[in-house]
Amino acid sequence: MVRDYDISNNEKQFVLTALEQNIRLDGRKLLQMRDVHISVSRDEYGYAEVSLGKTKVACRVTAEITKPYEDRPFEGIFQISTEISPICSPFFESGLTTGGKQSNDEILISRLIEKAVRRSGALDLESLCIIAGSKCWAIRADLQFLNYDGNFIDISSIAVMVALLHFRKPDMEIDGNNVILFDEDQRNPVPLSILHIPLCFTFQFYNPNDDEENIKGNLNNELVLLDANLIEERLSLGSMTLTINKNKELCQMVKCGGLNIDASMIMNCCQHASNLVDDLTRKIHDVIRTDSELRKNPVEKELQVVNQRET
Amino acid sequence: MSIIVENDPLDQVDGSASFEFGATKVMSSVTGPIEAARPRNELPTKAYLDINIRPSFGVPSTRETLLEHKLGQLLPAVINLDQYPRQTIQIAVQILKNGEPNDYTARQLVAIINSVFIALINSGISLKSSLMATCCSISTEGEIRTSPTSSELASSVSHFVVVYSIEDQQIDNLLFCDGLGTFKQQQLFDVLDRAASEILLNFQQIRQAIASHVSQNYVWKA
Amino acid sequence: MSQTASLKLNRFPPDVLARIAPDMLLQKYLQIGLRPSLRKFDEFRPVVISCAGVGRYEASEPNGDINGVGSVLGSSIVKSGKTTAICLISGAIVEDDHELVNDYRTKLEKDIIDSDTHKDNKNASVYTEVEISRGASGPPNEEEIAVSHRLYETIYHSGLIERDALRIRLGYKGSEELEQEFVPHTNYSFVLYATIQVFSRAGPVYDLCYGALISALRQTRLPAVYIAEKRTEAGVRRVRVEEYDLVCEAEKNEPLKLNENKIAWSSTFGLVELDRDVPHDEDKMEIDTDGKILLAELEGEAEENIDTRITVSSNGSTLSGLSVYGAAGVTKEELRKAFDLANRRAQYVLNSREMEM
């Protein structure tokens with residue numbers, strides 16, 4: 001069996017000392033994110049591949065018609081599934097929650113994404129209702145982790161949101177109790193109703209001093225890192241994930257234990273994240289817009305052909 | 001048919017490859033030889049193949065188990081398992097785009113086999129021969145199509161996945177053939193011939209992709 | 001003092017040799033033109049197909065009364081050699097809703113759609129669960145799952161069962177047609193499940209499972225379904241949900257419609273090479289071939305190790321499911337030989353009186 005990723009003491013010292021001098025191994029500033037690269041599928045709707053440096057994630061959104069939950073007859077169903085397969089790193093054992101450190105990570109990631117996207121109401125569930133109490137859309141987002149170089153959380157939130165924005169469900173009509181669905185060739189499929197785009201930003205904390213200074217002292221010189229890579233993530237003493245949208249609304253804030261951090265530093269993190277969210281949101285919208293423009297032309301041409309035939 | 005091969009896109013595993021043809025895309029990774037995770041997977045004379053296939057959406061089902069089973073039937077024919085006694089070779093496959101109706105697995109199986117083969121080469125595992133897979137379908141009119149599209153598959157009466165081994169850039173042996181639907185004996189032989197020439201053609205492309213990757217890796221040696 | 005070491009020739013009885021050197025034993029047998037089971041190379045085991053008699057509409061009593069209860073709709077027992085497979089078919093009723101996405105084209109804008117580009121798959125299948133008894137219980141292993149899903153795929157793609165054959169036509173309890181206004185908006189269909197149990201296996205089980213499944217499907221009878229007078233309207237938060245009670249008749253039933261020409265029989269062959277290096281008696285050597293030997297219906301420990309195999313279903317002339325794999329490679333000549341045997345075998349089994357039952 002492959003053991004956990006081991007970091008030697010030398011490497012650890014090297015990385016931490018460099019961090020204290022505001023240097024990261026990949027040449028970034030402490031609060032700088034890696035380049036986000038987003039690509040969406042041209043052949044179909046609802047598929048996005050996102051990479052953040054070497055970390056790579058794919059997300060696919062699918063829809064089907066089912067019966068709504070009995071206690072929520074007016075709402076559709078939205079599920080996000082996150083399962084880490086051994087493809088992204090042999091440390092992750094296949095599909096088993098064997099109770100190791102990794103499976104805890106997996107649970108943590110899926111909870112965070114769940115809260116960030118689903119609970120923050122990014123997808124309007126009531127718009128998924130077709131016939132109250134008997135038919136609704138069930139939307140499912142499957143996250144596929146491909147390559148692991150730290151920071152699965154941030155990239156997952158981007159991938160899920162891009163895939164949701166990219167997805168189109170078939171257009172339909174209701175005729176009494178019957179639902180008629182239209183195929184892509186008959187009517188353009190319709191996008192989902194997305195209320196806002198919550199994006200996650202994960203900060204890692206490091207302590208250049210000893211524990212006593214951290215708790216008692218007033219120095220407040222703990223190091224804060226955004227978008228850590230694999231080694232940085234393994235060396236981190238505590239982390240915090242902020243979920244924020246373009247309107248600068250904080251949707252979620254998670255800091256579970258770890259290094260004690262001064263409240264004012266957290267305020268700075270929030271400020272920094274709200275500066276970044278604009279750029280990232282714009283980038284996502286650009287990708288979606290380019291894709292829909294690329295798609296528009298052939299369809300219009302086809303329609304023109306149909307019109308020509310009729311006259 | 002255009003094939004897009006990406007060599008070693010993943011850096012946490014020993015070898016990986018993605019294989020895309022038409023609307024189907026699969027990513028595979030190979031890790032090994034590594035220590036066996038469970039004692040019962042430790043075979044005294046040969047390596048154990050730990051194959052894991054994940055669907056493009058939803059949870060893994062019996063469909064993926066059958067695909068894993070088929071891969072497990074094929075791979076011992078090309079991997080020198082005897083060279084790695086008591087060890088495990090972990091093969092993880094992620095289907096990214098199905099490119100075919102839900103009840104079909106032909107295109108996916110082709111992409112899985114080809115991507116796993118390239119990933120095995122990239123991982124440096126000892127292999128006996130090269131291999132390549134392709135799929136064919138027979139339409140209701142009896143016409144044979146190689147690498148059928150999704151709609152061609154859906155309207156076909158039968159479809160096949162064919163794997164040949166390749167030696168010295170020539171077709172060697174039929175290693176694997178999987179056929180579903182109804183067909184005549186002669187039709188199958190025609191399919192095998194068509195598949196063989198298709199494989200010979202496409203293998204050049206894969207060979208080139210592998211060659212350029214290897215020369216990339218050894219750029220320091222110049 | 002000198003010691004002379006002498007090699008003593010060990011002699012093992014066949015069953016011991018089978019355990020320690022199965023390939024050697026197999027070669028020894030092949031040299032004299034036989035197999036460990038004492039069958040000839042292309043000899044199949046006799047197969048006995050019978051009705052299990054536990055189905056809802058099967059007569060189990062001597063007086064010919066049908067059982068009338070239970071959820072089993074068809075059953076069969078297939079015996080081959082020591083191995084027995086029991087197959088039970090059960091059913092459930094589902095609303096067609098989940099198939100809406102595939103079904104909408106038939107409902108509207110028919111003229112716009114080019115019928116050639118959109119062919120709905122009309123096939124249906126049976127959800128199969130295979131259990132190979134091995135003295136211990138537990139979750140199904142990979143082989144069982146693979147056989148089950150393979151059966152599902154083969155039946156589906158062979159077009160044996162059409163989706164229409166499973167559609168439910170609702171009626172009253174009597175023979176009258178249901179009046180138009182009472183017809184519920186939703187369509188209902190049967191879903192078929194099969195449970196196959198294999199006892200004392202020897203060799204690959206796929207053929208036997210396939211045979212048991214086909215025989216049970218031929219016996220399967222679907223109940224007539226009518227709407228009970230009770231109709232519940234459940235409501236949560238002022239939402240009206242209509243539910244109907246569907247009742248399956250205890251006596252009225254009709255056989256499941258199968259595409260008769262798609263009924264097939266599956267045969268598995270092993271391909272093995274005669275090893276010239278294995279010591280042999282020149283006098284007893286009966287077999288003289290350079291090619292590979294095709295063995296029909298593998299059986300026993302020595303033959304389990306043959307890793308080049310051909311499995312094919314045939315209805316006597318047309319082939320349906322095919323699976324070929326093996327390290328040694330398979331030539332067309334070998335395939336042709338296997339197909340001929342499979343065709344002959346299928347003709348024999350499918351036309352035998354037992355299959356009619």
# chains A, B, ... in the order shown; residues from 1 in each chain; ligands from 1
$ residues_around --residues "B:Ser147" --least-positions-apart "2" --cutoff "7 Å" --atoms "only C-alpha atoms" --output "list of chain:residue names"
B:Thr134, B:Cys135, B:Cys136, B:Arg145, B:Thr149
$ write_last_selection --atoms "C-alpha atoms" --output "short mmCIF file (atom, residue, chain, number, x, y, z; two decimals), in the first residue's frame"
data_model
loop_
_atom_site.label_atom_id
_atom_site.label_comp_id
_atom_site.auth_asym_id
_atom_site.auth_seq_id
_atom_site.Cartn_x
_atom_site.Cartn_y
_atom_site.Cartn_z
CA THR B 134 -11.71 -0.09 -31.60
CA CYS B 135 -15.46 -0.51 -31.93
CA CYS B 136 -17.73 -1.27 -34.86
CA ARG B 145 -19.38 1.31 -39.33
CA THR B 149 -21.44 7.77 -33.11
#
$ interface_residues --of "chain B" --to "chain A" --cutoff "12 Å" --atoms "only C-alpha atoms" --output "MDAnalysis selection string"
chainID B and resid 8:18 22:39 41:42 50:60 86:100 116 119 150
$ closest_residue --among "B:Ala77, B:Leu188, B:Ala133, B:Ala111" --to "chain C" --atoms "only C-alpha atoms"
B:Ala77
$ select_by_dssp --residues "stretch 80-160 of chain B" --states "strand (DSSP E)" --output "short mmCIF file (atom, residue, chain, number, x, y, z; two decimals) with N, CA and C atoms, in the first residue's frame"
data_model
loop_
_atom_site.label_atom_id
_atom_site.label_comp_id
_atom_site.auth_asym_id
_atom_site.auth_seq_id
_atom_site.Cartn_x
_atom_site.Cartn_y
_atom_site.Cartn_z
N GLN B 87 2.97 -8.19 -5.56
CA GLN B 87 2.74 -6.75 -5.57
C GLN B 87 1.42 -6.41 -6.26
N THR B 88 1.06 -5.15 -6.17
CA THR B 88 -0.20 -4.71 -6.74
C THR B 88 0.06 -3.67 -7.81
N ILE B 89 -0.69 -3.75 -8.88
CA ILE B 89 -0.68 -2.67 -9.86
C ILE B 89 -2.08 -2.05 -9.81
N GLN B 90 -2.12 -0.79 -9.42
CA GLN B 90 -3.41 -0.14 -9.22
C GLN B 90 -3.77 0.65 -10.48
N ILE B 91 -4.92 0.33 -11.03
CA ILE B 91 -5.37 1.02 -12.23
C ILE B 91 -6.68 1.73 -11.91
N ALA B 92 -6.69 3.04 -12.03
CA ALA B 92 -7.90 3.80 -11.75
C ALA B 92 -8.35 4.48 -13.03
N VAL B 93 -9.63 4.35 -13.33
CA VAL B 93 -10.17 4.91 -14.56
C VAL B 93 -11.33 5.83 -14.22
N GLN B 94 -11.31 6.99 -14.81
CA GLN B 94 -12.44 7.91 -14.64
C GLN B 94 -13.01 8.20 -16.01
N ILE B 95 -14.28 7.82 -16.20
CA ILE B 95 -14.94 8.14 -17.47
C ILE B 95 -15.39 9.59 -17.38
N LEU B 96 -14.99 10.41 -18.33
CA LEU B 96 -15.36 11.83 -18.26
C LEU B 96 -16.55 12.13 -19.16
N LYS B 97 -16.53 11.59 -20.38
CA LYS B 97 -17.68 11.79 -21.27
C LYS B 97 -18.08 10.44 -21.84
N SER B 130 2.14 -4.39 -27.71
CA SER B 130 1.24 -3.25 -27.81
C SER B 130 -0.16 -3.76 -28.10
N LEU B 131 -1.14 -2.95 -27.82
CA LEU B 131 -2.50 -3.36 -28.17
C LEU B 131 -3.30 -2.11 -28.48
N MET B 132 -4.38 -2.31 -29.18
CA MET B 132 -5.28 -1.20 -29.39
C MET B 132 -6.69 -1.72 -29.60
N ALA B 133 -7.65 -0.92 -29.15
CA ALA B 133 -9.05 -1.31 -29.25
C ALA B 133 -9.78 -0.39 -30.21
N THR B 134 -10.82 -0.93 -30.81
CA THR B 134 -11.71 -0.09 -31.60
C THR B 134 -13.11 -0.70 -31.53
N CYS B 135 -14.11 0.07 -31.94
CA CYS B 135 -15.46 -0.51 -31.93
C CYS B 135 -16.10 -0.37 -33.30
N CYS B 136 -17.01 -1.27 -33.59
CA CYS B 136 -17.73 -1.27 -34.86
C CYS B 136 -19.20 -1.53 -34.58
N SER B 137 -20.05 -1.08 -35.47
CA SER B 137 -21.46 -1.43 -35.34
C SER B 137 -21.98 -1.89 -36.69
N ILE B 138 -23.04 -2.69 -36.65
CA ILE B 138 -23.68 -3.14 -37.88
C ILE B 138 -25.08 -2.55 -37.90
N SER B 139 -25.39 -1.79 -38.93
CA SER B 139 -26.69 -1.13 -39.00
C SER B 139 -27.75 -2.12 -39.46
N ILE B 144 -21.37 -1.97 -42.09
CA ILE B 144 -20.45 -1.93 -40.95
C ILE B 144 -19.89 -0.52 -40.81
N ARG B 145 -19.94 0.00 -39.60
CA ARG B 145 -19.38 1.31 -39.33
C ARG B 145 -18.31 1.18 -38.27
N THR B 146 -17.16 1.81 -38.49
CA THR B 146 -16.14 1.80 -37.45
C THR B 146 -16.30 3.06 -36.61
N SER B 156 -28.24 0.66 -34.29
CA SER B 156 -27.57 -0.52 -34.85
C SER B 156 -28.23 -1.80 -34.35
N VAL B 157 -28.01 -2.92 -35.07
CA VAL B 157 -28.53 -4.20 -34.60
C VAL B 157 -27.50 -4.92 -33.73
N SER B 158 -26.23 -4.62 -33.96
CA SER B 158 -25.22 -5.21 -33.10
C SER B 158 -23.98 -4.32 -33.09
N HIS B 159 -23.21 -4.44 -32.04
CA HIS B 159 -21.98 -3.65 -31.97
C HIS B 159 -20.88 -4.47 -31.29
N PHE B 160 -19.64 -4.14 -31.61
CA PHE B 160 -18.50 -4.95 -31.19
C PHE B 160 -17.38 -4.08 -30.67
#
$ interface_residues --of "chain A" --to "chain C" --cutoff "9 Å" --atoms "only C-alpha atoms" --output "MDAnalysis selection string"
chainID A and resid 64:66 70:74 132:135 170 176:183 185:186
$ closest_atom_pairs --of "chain B" --to "chain C" --cutoff "7 Å" --atoms "only C-alpha atoms" --output "tab-separated table"
residue	atom	partner	partner_atom	distance
B:Thr62	CA	C:Ile145	CA	6.1
B:Arg63	CA	C:His149	CA	6.5
B:Thr65	CA	C:Ala146	CA	6.3
B:Leu66	CA	C:Ala146	CA	4.6
B:His69	CA	C:Ala146	CA	6.5
B:Gln73	CA	C:Tyr325	CA	6.7
B:Leu74	CA	C:Tyr325	CA	6.4
B:Ala77	CA	C:Ala327	CA	4.0
B:Ala154	CA	C:Asn121	CA	6.8
B:Ser155	CA	C:Lys119	CA	6.1
B:Asn173	CA	C:Gly329	CA	4.7
B:Leu174	CA	C:Gly329	CA	4.8
B:Leu175	CA	C:Gly329	CA	5.0
B:Phe176	CA	C:Tyr325	CA	4.2
B:Cys177	CA	C:Val324	CA	4.8
B:Asp178	CA	C:Ser323	CA	4.5
B:Gly179	CA	C:Leu322	CA	4.6
B:Leu180	CA	C:Gly321	CA	4.8
B:Gly181	CA	C:Ser158	CA	4.4
B:Thr182	CA	C:Ser320	CA	4.1
B:Phe183	CA	C:Leu319	CA	5.3
B:Lys184	CA	C:Thr318	CA	5.2
B:Gln185	CA	C:Leu319	CA	7.0
$ atom_distance --atom1 "atom CA of C:Leu222" --atom2 "atom CA of C:Asn261"
20.7 Å
$ atom_distance --atom1 "atom CA of A:Asp35" --atom2 "atom CA of A:Leu223"
21.5 Å
$ residues_around --residues "C:Asp23" --least-positions-apart "5" --cutoff "8 Å" --atoms "only C-alpha atoms" --output "MDAnalysis selection string"
chainID C and resid 18 302 305
$ write_last_selection --atoms "N, CA and C atoms" --output "PDB file, in the first residue's frame"
ATOM      1  N   ALA C  18      -4.080 -32.905  -9.976  1.00  0.00           N
ATOM      2  CA  ALA C  18      -4.959 -31.833 -10.415  1.00  0.00           C
ATOM      3  C   ALA C  18      -4.791 -30.611  -9.527  1.00  0.00           C
ATOM      4  N   ALA C 302      -8.705 -28.532 -13.473  1.00  0.00           N
ATOM      5  CA  ALA C 302      -7.656 -28.453 -14.475  1.00  0.00           C
ATOM      6  C   ALA C 302      -8.063 -27.530 -15.612  1.00  0.00           C
ATOM      7  N   ASN C 305      -8.237 -23.312 -15.411  1.00  0.00           N
ATOM      8  CA  ASN C 305      -7.056 -22.484 -15.621  1.00  0.00           C
ATOM      9  C   ASN C 305      -6.866 -22.044 -17.054  1.00  0.00           C
TER      10      ASN C 305
END
$ atom_distance --atom1 "atom CA of C:Leu30" --atom2 "atom CA of C:Leu295"
10.1 Å
$ residues_around --residues "C:Leu258" --least-positions-apart "6" --cutoff "9 Å" --atoms "only C-alpha atoms" --output "PyMOL selection string"
chain C and resi 159-162+165+217-218
$ write_last_selection --atoms "N, CA and C atoms" --output "PDB file, in the first residue's frame"
ATOM      1  N   GLY C 159     -32.661  -8.077 -28.147  1.00  0.00           N
ATOM      2  CA  GLY C 159     -34.026  -7.740 -28.546  1.00  0.00           C
ATOM      3  C   GLY C 159     -35.020  -8.852 -28.267  1.00  0.00           C
ATOM      4  N   LEU C 160     -34.728  -9.672 -27.271  1.00  0.00           N
ATOM      5  CA  LEU C 160     -35.622 -10.773 -26.925  1.00  0.00           C
ATOM      6  C   LEU C 160     -36.956 -10.269 -26.393  1.00  0.00           C
ATOM      7  N   ILE C 161     -36.903  -9.257 -25.553  1.00  0.00           N
ATOM      8  CA  ILE C 161     -38.123  -8.713 -24.964  1.00  0.00           C
ATOM      9  C   ILE C 161     -38.308  -7.289 -25.465  1.00  0.00           C
ATOM     10  N   GLU C 162     -39.475  -6.991 -25.990  1.00  0.00           N
ATOM     11  CA  GLU C 162     -39.734  -5.621 -26.395  1.00  0.00           C
ATOM     12  C   GLU C 162     -40.391  -4.879 -25.258  1.00  0.00           C
ATOM     13  N   ALA C 165     -44.055  -5.348 -24.736  1.00  0.00           N
ATOM     14  CA  ALA C 165     -44.543  -6.596 -24.152  1.00  0.00           C
ATOM     15  C   ALA C 165     -44.745  -6.452 -22.650  1.00  0.00           C
ATOM     16  N   LEU C 217     -37.977 -17.398 -18.680  1.00  0.00           N
ATOM     17  CA  LEU C 217     -38.720 -16.348 -19.375  1.00  0.00           C
ATOM     18  C   LEU C 217     -39.788 -16.948 -20.274  1.00  0.00           C
ATOM     19  N   ARG C 218     -39.494 -18.097 -20.863  1.00  0.00           N
ATOM     20  CA  ARG C 218     -40.478 -18.753 -21.716  1.00  0.00           C
ATOM     21  C   ARG C 218     -41.674 -19.223 -20.911  1.00  0.00           C
TER      22      ARG C 218
END
$ closest_residue --among "A:Ile231, A:Ile244, A:Ala263, A:Asp124" --to "A:Asn275" --atoms "only C-alpha atoms"
A:Ile244
